[in-house]
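Here's the structure we're looking at; comments come further down.
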Amino acid sequence: MKAVYKKPEVLKNPCFHFCPGCHHGTVHKLVAEAIDSLNLKDSALAVIGVGCGVFLYDYLDVDSLEAPHGRGLAVATGVKRVRPERIVFTYQGDGDLASIGMAESVHAANRGENVTVIFVNNTIYGMTGGQMAPTTLLGQVTTTSPYGREFHRDGYPIRMAEMLATLEGVALSARVSVCTPKYLFDAKKIIKKAFEMQLDNMGFTFVEVLSSCPTNWNMSSMDALNRVKEEMIPFFPLGVFKERKMPDVL
C-alpha cells in the first residue's frame, strides 16, 4: 500500500500538553515538516522564547536553547555568529517577541541577522494568565483590560509583519494562519521558504502565525477558530509583505 502521509520524523511523541483548540501543536508540525523536507535535522538549532511554546524541545528532535524572556533573538544572534553553519530559528509568542523582546526583535531584523523567526500571535499572554499583549485587539477583554482594550489608554495593536517589512535587513516578512486547510497549506509553504532563504544566506526571515487561544479567550475551540477568521484576519491580513528575490550582496 502506498503511503500518502506520515508523521514528520523530527516530531517526537511526548504527552501533549497544549489546551484543546490551541494551534501550537499545528505550528510545531509545520516547522517539523520544513526541517524534514530540507534535511535539516542535524543542523537546525531552535532558540525558544518564554511562553506557551517554551517546551518546543519536548516536541522537536533538534538541538535547542531556551532564552530568557524576550531575549530569543539576542541569543539567536550570538549562536548564529558563533556557528554560522547551523540553521538557527526562534519560536516566540507575541508577549515574548513584541513586548519585552521588542528591542531585540527590531534590531536583529534591522541588522539582517541570517536567522528565521516563527512568531505565534494569539493576541494575548497565554502562559501567564491571559494579560493584554501588544497584539491584543481593540475591545478585547483580558485580565489586564477587563473592559476591553481602549486605544486612548492602551494604544493600538501592533502589526509586526508589516512593521518589520520596512527594515532593510529583512529578507522575508509574512503572515499566515492555520485556521483552515487552505491557510494551513499556505503556511507550510511560507515556513519552508523562510528556512530555504536562510540556507541561501539571504538575511532575516520572519513568519507570523495567527493562532487561537480558547482557554484565555474563554471560548470553545470552534468559536476560537471562527474568531481567528472573523476578527483577527481582518485586522492582521495574511500575505507576504516583503520578499527578497536575490541574496544580499552588499
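Here's how to read the names in the C-alpha cells: chain A, B, ... by the order shown, residue numbers from 1 in each chain, ligand numbers from 1 in the order shown.
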Residues of stretch 17-234 of chain A in helix (DSSP H, G or I), written as a PyMOL selection string: chain A and resi 24-37+52-58+72-82+94-100+102-111+151-154+160-164+181-199+214-217+221-234
Atoms to include: C-alpha atoms. Write the selected residues as a compact mmCIF listing (two decimals), in the first residue's frame.
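As a result, result17.txt now contains:
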# COMPACT_ATOMS: atom_id res chain seq x y z
CA HIS A 24 0.82 25.48 18.83
CA GLY A 25 0.75 21.77 18.02
CA THR A 26 -0.17 22.52 14.41
CA VAL A 27 2.64 25.07 14.09
CA HIS A 28 5.10 22.60 15.62
CA LYS A 29 4.10 20.10 12.93
CA LEU A 30 4.64 22.62 10.11
CA VAL A 31 8.09 23.51 11.43
CA ALA A 32 8.93 19.81 11.72
CA GLU A 33 7.81 19.20 8.12
CA ALA A 34 10.01 22.03 6.87
CA ILE A 35 13.02 20.65 8.77
CA ASP A 36 12.38 17.16 7.38
CA SER A 37 11.86 18.27 3.79
CA CYS A 52 3.24 28.56 25.82
CA GLY A 53 5.72 27.25 23.25
CA VAL A 54 8.52 27.04 25.78
CA PHE A 55 8.50 23.22 25.71
CA LEU A 56 9.27 23.03 21.99
CA TYR A 57 12.32 20.93 22.87
CA ASP A 58 9.96 18.18 24.05
CA GLY A 72 15.30 34.99 21.91
CA LEU A 73 16.75 36.99 19.03
CA ALA A 74 19.70 38.17 21.10
CA VAL A 75 20.54 34.53 21.85
CA ALA A 76 19.89 33.50 18.24
CA THR A 77 22.21 36.26 17.01
CA GLY A 78 25.02 35.03 19.23
CA VAL A 79 24.54 31.39 18.23
CA LYS A 80 24.41 32.15 14.52
CA ARG A 81 27.54 34.31 14.62
CA VAL A 82 29.48 31.65 16.51
CA ASP A 94 3.53 37.86 20.97
CA GLY A 95 4.32 38.75 24.57
CA ASP A 96 7.88 37.44 24.28
CA LEU A 97 8.77 38.88 20.87
CA ALA A 98 6.65 42.02 20.60
CA SER A 99 6.60 43.24 24.20
CA ILE A 100 9.59 42.54 26.43
CA MET A 102 10.65 44.28 21.01
CA ALA A 103 14.11 45.89 21.02
CA GLU A 104 15.86 42.59 20.34
CA SER A 105 13.40 41.78 17.56
CA VAL A 106 13.65 45.10 15.74
CA HIS A 107 17.42 45.40 15.92
CA ALA A 108 18.10 41.78 14.89
CA ALA A 109 15.80 42.35 11.92
CA ASN A 110 17.42 45.66 11.06
CA ARG A 111 20.89 44.10 11.18
CA PHE A 151 -6.73 52.95 22.23
CA HIS A 152 -6.65 56.19 24.27
CA ARG A 153 -5.35 54.26 27.27
CA ASP A 154 -3.65 51.21 25.78
CA MET A 160 4.67 43.09 13.49
CA ALA A 161 4.91 41.63 9.98
CA GLU A 162 4.16 44.97 8.33
CA MET A 163 6.46 46.90 10.65
CA LEU A 164 9.45 44.61 10.16
CA PRO A 181 -6.92 23.68 5.41
CA LYS A 182 -6.09 26.20 2.66
CA TYR A 183 -4.41 28.58 5.07
CA LEU A 184 -2.53 25.66 6.62
CA PHE A 185 -1.05 24.63 3.25
CA ASP A 186 -0.11 28.25 2.54
CA ALA A 187 1.58 28.45 5.94
CA LYS A 188 3.53 25.27 5.25
CA LYS A 189 4.95 26.77 2.04
CA ILE A 190 5.95 30.06 3.67
CA ILE A 191 7.65 28.40 6.66
CA LYS A 192 9.65 26.19 4.32
CA LYS A 193 10.58 29.24 2.21
CA ALA A 194 11.84 31.04 5.32
CA PHE A 195 14.26 28.19 6.06
CA GLU A 196 15.31 27.99 2.41
CA MET A 197 16.17 31.69 2.39
CA GLN A 198 18.30 31.25 5.48
CA LEU A 199 20.12 28.41 3.71
CA PRO A 214 -9.57 29.16 23.52
CA THR A 215 -8.67 28.98 27.21
CA ASN A 216 -7.71 32.62 27.70
CA TRP A 217 -10.33 33.85 25.22
CA SER A 221 -12.39 25.53 20.27
CA MET A 222 -14.78 26.12 17.35
CA ASP A 223 -15.68 29.64 18.46
CA ALA A 224 -11.97 30.44 18.82
CA LEU A 225 -11.32 29.10 15.32
CA ASN A 226 -14.04 31.38 13.97
CA ARG A 227 -12.61 34.34 15.87
CA VAL A 228 -9.30 33.93 14.03
CA LYS A 229 -11.16 34.06 10.70
CA GLU A 230 -13.69 36.77 11.54
CA GLU A 231 -11.77 39.13 13.84
CA MET A 232 -8.03 38.52 13.65
CA ILE A 233 -7.53 38.16 9.90
CA PRO A 234 -9.42 41.38 9.06
Strand (DSSP E) positions in stretch 68-180 of chain A, given as a list in words: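 Of stretch 68-180 of chain A, the ones in strand (DSSP E) are Ile87, Val88, Phe89, Thr90, Tyr91, Gln92, Gly93, Thr116, Val117, Ile118, Phe119, Val120, Asn121, Val170, Ala171, Leu172, Ser173, Ala174, Arg175, Val176 and Ser177 of chain A.
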Give me, as an mmCIF file with C-alpha atoms, in the first residue's frame, all polymer residues having an atom no more than 8 Å from A:Ser173, counting only C-alpha atoms and skipping those fewer than 5 positions away in the same chain.
data_model
loop_
_atom_site.group_PDB
_atom_site.id
_atom_site.type_symbol
_atom_site.label_atom_id
_atom_site.label_comp_id
_atom_site.auth_asym_id
_atom_site.auth_seq_id
_atom_site.Cartn_x
_atom_site.Cartn_y
_atom_site.Cartn_z
ATOM 1 C CA ALA A 161 4.905 41.630 9.975
ATOM 2 C CA GLU A 162 4.159 44.975 8.329
ATOM 3 C CA LEU A 164 9.454 44.607 10.160
ATOM 4 C CA ALA A 165 8.902 44.602 6.394
ATOM 5 C CA THR A 205 13.210 35.779 7.722
ATOM 6 C CA PHE A 206 10.034 36.304 9.750
ATOM 7 C CA VAL A 207 6.796 34.302 9.677
ATOM 8 C CA GLU A 208 3.897 35.424 11.866
ATOM 9 C CA VAL A 240 3.848 38.276 2.141
ATOM 10 C CA PHE A 241 4.788 41.845 2.967
ATOM 11 C CA LYS A 242 8.406 41.616 1.835
ATOM 12 C CA GLU A 243 10.401 39.007 -0.038
#
For A:Gly139, find every residue with an atom within 12 Å (counting only C-alpha atoms), except residues of its own chain fewer than 3 positions away, and show them as a PDB file with C-alpha atoms, in the first residue's frame.
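Output file out.pdb follows:
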ATOM      1  CA  THR A 123      -3.367  38.330  20.780  1.00  0.00           C
ATOM      2  CA  MET A 132      -3.159  42.093  27.365  1.00  0.00           C
ATOM      3  CA  THR A 135      -1.238  42.406  19.647  1.00  0.00           C
ATOM      4  CA  THR A 136      -4.474  42.392  21.685  1.00  0.00           C
ATOM      5  CA  THR A 142      -8.159  40.305  29.023  1.00  0.00           C
ATOM      6  CA  SER A 145      -8.096  45.037  30.193  1.00  0.00           C
ATOM      7  CA  PRO A 146     -11.326  43.822  31.829  1.00  0.00           C
ATOM      8  CA  TYR A 147     -13.398  46.409  29.935  1.00  0.00           C
ATOM      9  CA  GLY A 148     -11.673  45.747  26.632  1.00  0.00           C
ATOM     10  CA  ARG A 149      -8.575  47.303  25.064  1.00  0.00           C
ATOM     11  CA  GLU A 150      -9.111  51.029  24.507  1.00  0.00           C
ATOM     12  CA  PHE A 151      -6.735  52.948  22.235  1.00  0.00           C
ATOM     13  CA  HIS A 152      -6.652  56.188  24.270  1.00  0.00           C
ATOM     14  CA  ARG A 153      -5.354  54.256  27.270  1.00  0.00           C
ATOM     15  CA  ASP A 154      -3.655  51.208  25.779  1.00  0.00           C
ATOM     16  CA  GLY A 155      -2.605  52.181  22.252  1.00  0.00           C
ATOM     17  CA  TYR A 156      -3.270  50.139  19.146  1.00  0.00           C
ATOM     18  CA  PRO A 157      -2.412  46.508  18.350  1.00  0.00           C
ATOM     19  CA  GLU A 231     -11.767  39.131  13.843  1.00  0.00           C
TER      20      GLU A 231
END
Best match for closeness to A:Met219 among A:Pro68, A:Gly21, A:Glu113, A:Val120, counting only C-alpha atoms: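 Of A:Pro68, A:Gly21, A:Glu113, A:Val120, the one nearest A:Met219 is A:Gly21, counting only C-alpha atoms.
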Separation of atom CA of A:Asn218 from atom CA of A:Leu138 in Å: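 Straight-line distance from atom CA of A:Leu138 to atom CA of A:Asn218 works out to 16.8 Å.
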